[in-house]
Structures are given as C-alpha cells and as structure tokens.
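Everything on this sheet refers to the single structure shown next.
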Amino acid sequence: MKVALDTNVLAYVEGVGDEQRRAQAERLITLLSINEVVLPTQVAGELYNVLRRKKGLERAEAAAVIMRWSDFYGLTPHTTQTFNDALALAAAHDQQIWDALILSIAVASGCALLLSEDMQDGFVYRGVTVANPFAERLHPLLASLLDTLPESPA
C-alpha cells in the first residue's frame, strides 16, 4: 500500500518535538517499505523551513538533511494538474493550499494513505485517507497496515 508522508513525520524523526513523537515516527519510518513511500517535494521544502526555524540548523545542515531524505525516498514533484487539483481542493474544503498540494500529489501517486498530524484525521479525498499516525487511536486503515507489516529487527 502506497503511503505519503507529511512534514511532521519527518520533523519528529529529525528531533523536532518531544521524544515520544520521535520514537513513534522512527518506528513508523522503519516499518514502511521504501518503495511504498511517497515524499512530495512540498514536504521536503516545508521540512527545510522547520529544520531552520524550529531546530536552528544552518542552511547547509538543513539542506543536507533534505538531500538525505530525498536520496532515501526520492521526491515526487507537483505538476500543473496536481496544483490545479490542490486549488480546487483548497477552495472546496477550506484547506491550506500547501496541505492540499501534498494531498493532491498523494492522489496522483496512487497512495491509499497520507500520514499527517496536521490535516483532518479520517478525511478522504479521491481515495486517499488522511491518518494521524500519532493519534491515541489510529485510523483503522493505518492500524490495519501496521498490523500487516513485519516488525523491524531490533
């Protein structure tokens, strides 16, 4: 099952936020198959800003982190179509345009899930379900996915 990641998942892995969130995000990243993860370019750009502003990394350090994630997952760019879809989504559902762009890229990439703490948990758009991986009770689709994945070696 293809899964798109929102910025907060990677930000927690990078040590922005509390230790519990970091551990949860690291576990999630470890369990997901590299080939099934979609990393929208918008997320990479947002992560750069978070690392600069919230973690205080220098420009070159933040850029190196982004390049590491990009090398690991690859980046999925937006297109004119995904941007137009994002505009329509933002207007119809009162979403932030940049969140809508991430969701539109997830749709175009054939994802079933978008893992995001910031977007509405359970929101479904064109077959993609937004699931908060840090919720006390996981969305059933995410819980089902995690139950079917083998635990990573310790």
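Identifiers in the structure tokens: chain A, B, ... in order shown; residue index from 1 per chain; ligand index from 1 in order shown.
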Spatial neighbours of Ala4 of chain A, 7 Å, only C-alpha atoms, chain gap at least 3 places, as a PDB file with C-alpha atoms, in the first residue's frame:
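Dumped everything to out-v3.pdb:
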ATOM      1  CA  VAL A  37       6.548   5.748   0.492  1.00  0.00           C
ATOM      2  CA  VAL A  38       5.823   8.937  -1.428  1.00  0.00           C
ATOM      3  CA  LEU A  39       7.649  12.077  -0.367  1.00  0.00           C
ATOM      4  CA  ALA A 106      -0.625  11.649  -2.875  1.00  0.00           C
ATOM      5  CA  CYS A 111      -1.464   6.446  -2.375  1.00  0.00           C
ATOM      6  CA  LEU A 113      -2.901   6.915   2.953  1.00  0.00           C
ATOM      7  CA  LEU A 114      -1.421  10.298   3.763  1.00  0.00           C
ATOM      8  CA  LEU A 115       0.156  10.296   7.202  1.00  0.00           C
TER       9      LEU A 115
END
Report as number ranges by chain all protein, DNA and RNA residues lying within 9 Å of Asp121 of chain A, evaluated on only C-alpha atoms, omitting residues in the same chain fewer than 5 positions from it. A: 115-116, 129-132, 135, 139
I need the residues from that last selection saved to file as an mmCIF file, in the first residue's frame (with C-alpha atoms), if you can.
data_model
loop_
_atom_site.group_PDB
_atom_site.id
_atom_site.type_symbol
_atom_site.label_atom_id
_atom_site.label_comp_id
_atom_site.auth_asym_id
_atom_site.auth_seq_id
_atom_site.Cartn_x
_atom_site.Cartn_y
_atom_site.Cartn_z
ATOM 1 C CA LEU A 115 0.156 10.296 7.202
ATOM 2 C CA SER A 116 -0.342 13.719 8.740
ATOM 3 C CA THR A 129 -7.339 8.770 3.539
ATOM 4 C CA VAL A 130 -5.587 11.183 5.874
ATOM 5 C CA ALA A 131 -4.488 9.350 9.002
ATOM 6 C CA ASN A 132 -2.797 10.801 12.065
ATOM 7 C CA ALA A 135 -3.381 9.764 17.419
ATOM 8 C CA HIS A 139 -7.397 5.244 11.903
#
Mind checking which residues fall within 9 Å of Asn8 of chain A, counting only C-alpha atoms, ignoring those fewer than 4 positions away in the same chain, and posting them as a PDB file with N, CA and C atoms, in the first residue's frame?
ATOM      1  N   TYR A  12       9.657  15.028  13.252  1.00  0.00           N
ATOM      2  CA  TYR A  12       9.833  14.309  14.518  1.00  0.00           C
ATOM      3  C   TYR A  12      11.036  13.374  14.457  1.00  0.00           C
ATOM      4  N   VAL A  13      11.205  12.680  13.346  1.00  0.00           N
ATOM      5  CA  VAL A  13      12.373  11.807  13.207  1.00  0.00           C
ATOM      6  C   VAL A  13      13.653  12.622  13.364  1.00  0.00           C
ATOM      7  N   VAL A  16      12.653  17.290  16.054  1.00  0.00           N
ATOM      8  CA  VAL A  16      11.830  18.465  16.343  1.00  0.00           C
ATOM      9  C   VAL A  16      10.603  17.952  17.100  1.00  0.00           C
ATOM     10  N   ALA A  25       7.576   8.202  15.350  1.00  0.00           N
ATOM     11  CA  ALA A  25       7.887   8.485  13.947  1.00  0.00           C
ATOM     12  C   ALA A  25       8.993   7.568  13.437  1.00  0.00           C
ATOM     13  N   VAL A  43       6.673  18.671   0.915  1.00  0.00           N
ATOM     14  CA  VAL A  43       7.069  18.222   2.249  1.00  0.00           C
ATOM     15  C   VAL A  43       8.554  18.496   2.484  1.00  0.00           C
ATOM     16  N   LEU A  47       9.979  20.823   5.382  1.00  0.00           N
ATOM     17  CA  LEU A  47      10.919  20.272   6.356  1.00  0.00           C
ATOM     18  C   LEU A  47      12.168  21.148   6.449  1.00  0.00           C
ATOM     19  N   LEU A 115      -0.076  10.236   5.766  1.00  0.00           N
ATOM     20  CA  LEU A 115       0.156  10.296   7.202  1.00  0.00           C
ATOM     21  C   LEU A 115       0.457  11.735   7.596  1.00  0.00           C
ATOM     22  N   SER A 116      -0.455  12.315   8.364  1.00  0.00           N
ATOM     23  CA  SER A 116      -0.342  13.719   8.740  1.00  0.00           C
ATOM     24  C   SER A 116      -0.968  13.951  10.098  1.00  0.00           C
ATOM     25  N   GLU A 117      -0.262  14.683  10.901  1.00  0.00           N
ATOM     26  CA  GLU A 117      -0.790  15.071  12.202  1.00  0.00           C
ATOM     27  C   GLU A 117      -1.622  16.345  12.080  1.00  0.00           C
ATOM     28  N   ASP A 118      -1.360  17.135  11.053  1.00  0.00           N
ATOM     29  CA  ASP A 118      -1.983  18.451  10.929  1.00  0.00           C
ATOM     30  C   ASP A 118      -3.304  18.459  10.177  1.00  0.00           C
TER      31      ASP A 118
END
Which residue gives the smallest distance to Asn49 of chain A among A:Tyr73, A:Met1, A:Ile34, A:Ala11, with only C-alpha atoms counted?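 For Asn49 of chain A, the nearest of the candidates is A:Ala11.
From atom CA of Val3 of chain A back to atom CA of Gly110 of chain A, the distance works out to 8.6 Å.
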If DSSP is run on the backbone, what residues of segment 63-133 of chain A are strand (DSSP E)? A reply as an MDAnalysis selection string would be ideal. chainID A and resid 113:115 124:125 128:131
Excluding same-chain residues fewer than 6 positions from segment 63-70 of chain A, what lies within 10 Å of it counting only C-alpha atoms, as a PyMOL selection string? chain A and resi 10+14+39-41+43-49+51-52+57+76
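Minimum atom-to-atom distance to Leu32 of chain A, evaluated using only C-alpha atoms, belongs to A:Lys2 out of A:Arg137, A:Lys2, A:Lys54, A:Arg59.
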Spatial neighbours of Leu89 of chain A, max dist 8 Å, only C-alpha atoms, sep filter under 5 positions, as a ChimeraX atom specification: /A:94-95,100
Using only C-alpha atoms, which of the listed residues (A:Gln81, A:His93, A:Asp18, A:Phe72) sits closest to Glu36 of chain A?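 Going through A:Gln81, A:His93, A:Asp18, A:Phe72 one by one, the smallest distance to Glu36 of chain A is for A:Phe72.
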